[in-house]
Amino acid sequence: SDHALSYPEKPEAWNWRELYPGVAQVGQEVQSAEDSPQNGENITPAAYRGVEIADIGCGFGGLLFALSPLLPQTLILGLEIRSSVTEFVQEKIRALQGQARKGDPTSSTETETETATLTPYQNIACIRSNTMKFMPNYFGRGQLSKIFLCFPDPHFKHRKHKARIVSPTLAAEYAYALRVGGVVYTITDVEDLHRWMVDGFSANPLFRRLGEEELEGDECVRVMKAETEEGKKVERNGGTKWVACFQRLEDPPW
Ligand code: SAM
């Protein structure tokens, strides 16, 4: 239950260095825009060296492992509620980091590296968390450039709507954590849930749905369709994958 979950009172209180031991300056203010990490698309340079991508309900981590080499300078965090699944992902990350070190004997986690030379898989981590309750404890305002909601549990029975990963309250929390220009990526094989997510984000004036032409060539869309465990399962079963992405807009004037 949630009683057994440890979570930070606020993002600064969390031991980010433990999660990303090979990354310099993690969890710290960075001096200038030049020192700040590149997020691959130069949305807004972060004033804080922290996680920029969150995978909500990451399951067995397929998306994390695929995104890691695609965005090697960006810190990515998977959040998962099941402890055994979280441990599996954490162990796999350690194993991949170990393999990468063997392949490159000059790199080591003992000497932390500058961001420009992060060795493979040092930019990903996974924690156990109930994201329906504790998102703002992990992420500050405007910290994230991307949030992934990949095949969230559908709970399509009417009485279970409150258990869904998109609700007016949660959409507001995602808007808080996302920087202007940042994107929420959603994918599901349940059409009813797809509609629910589209309605939920469309009802929030801080989001705009991205058109198909705007998503063409977006590697993140390709990866969430092809590399998530659920995406692969739906592919095998010949199901449909419903994708919808929403961009964070400027706050409206008061
Ligand atoms: N995203 C992965 C994928 O696409 O392959 C896993 C999808 S799986 C159907 C949904 C995952 O969300 C499960 O691993 C489940 O344990 C996790 N989950 C459900 N509710 C959650 C919550 N409130 N906080 C964090 N994870 C949650």
# chains A, B, ... in the order shown; residues from 1 in each chain; ligands from 1
$ residues_around --residues "segment 131-147 of chain A" --least-positions-apart "2" --cutoff "9 Å" --atoms "only C-alpha atoms" --output "PyMOL selection string"
chain A and resi 7-14+39+43-44+46-48+50-57+79-81+129+149+163-166+170+173-186
$ select_by_dssp --residues "segment 92-189 of chain A" --states "helix (DSSP H, G or I)" --output "number ranges by chain"
A: 92-103, 115-117, 131-138, 158-163, 168-177
$ write_last_selection --atoms "C-alpha atoms" --output "CSV table (one decimal), in the first residue's frame"
chain,number,residue,atom,x,y,z
A,92,LYS,CA,18.3,-4.2,-15.7
A,93,ILE,CA,19.5,-0.6,-15.7
A,94,ARG,CA,22.5,-1.6,-13.5
A,95,ALA,CA,23.3,-4.6,-15.8
A,96,LEU,CA,23.2,-2.4,-18.9
A,97,GLN,CA,25.4,0.2,-17.2
A,98,GLY,CA,27.8,-2.5,-16.2
A,99,GLN,CA,27.9,-3.9,-19.8
A,100,ALA,CA,28.5,-0.4,-21.2
A,101,ARG,CA,31.4,0.2,-18.8
A,102,LYS,CA,33.0,-3.1,-19.8
A,103,GLY,CA,32.7,-2.1,-23.4
A,115,THR,CA,27.1,15.5,-19.2
A,116,ALA,CA,28.8,15.5,-22.7
A,117,THR,CA,30.4,12.2,-22.0
A,131,THR,CA,2.0,8.7,-9.6
A,132,MET,CA,-1.7,9.4,-9.0
A,133,LYS,CA,-0.8,10.9,-5.6
A,134,PHE,CA,2.8,12.0,-5.5
A,135,MET,CA,3.7,13.7,-8.9
A,136,PRO,CA,4.4,17.2,-7.4
A,137,ASN,CA,6.6,15.7,-4.8
A,138,TYR,CA,9.1,14.7,-7.5
A,158,HIS,CA,-17.7,3.7,-15.0
A,159,ARG,CA,-17.3,3.4,-11.2
A,160,LYS,CA,-13.6,3.1,-11.7
A,161,HIS,CA,-13.1,6.4,-13.6
A,162,LYS,CA,-11.5,7.9,-10.6
A,163,ALA,CA,-8.7,5.4,-10.9
A,168,PRO,CA,-9.0,17.2,-14.3
A,169,THR,CA,-6.8,17.1,-11.2
A,170,LEU,CA,-4.1,15.0,-12.8
A,171,ALA,CA,-4.2,17.0,-16.0
A,172,ALA,CA,-3.5,20.1,-13.9
A,173,GLU,CA,-0.6,18.3,-12.2
A,174,TYR,CA,0.9,17.3,-15.6
A,175,ALA,CA,0.5,21.0,-16.7
A,176,TYR,CA,2.3,22.2,-13.6
A,177,ALA,CA,5.3,19.8,-14.1
$ atom_distance --atom1 "atom CA of Pro72 of chain A" --atom2 "atom 8 (S, counted along the ligand's line) of ligand 1"
24.6 Å
$ residues_around --residues "Glu91 of chain A" --least-positions-apart "4" --cutoff "12 Å" --atoms "only C-alpha atoms" --output "list in words"
Phe60, Gly61, Ser84, Val85, Thr86, Glu87, Ala95, Leu96, Gln97, Gly98, Ile124, Ala125, Cys126 and Ile127 of chain A
$ closest_residue --among "A:Glu216, A:Glu250, A:Glu230, A:Glu235" --to "ligand 1" --atoms "only C-alpha atoms and all ligand atoms"
A:Glu230
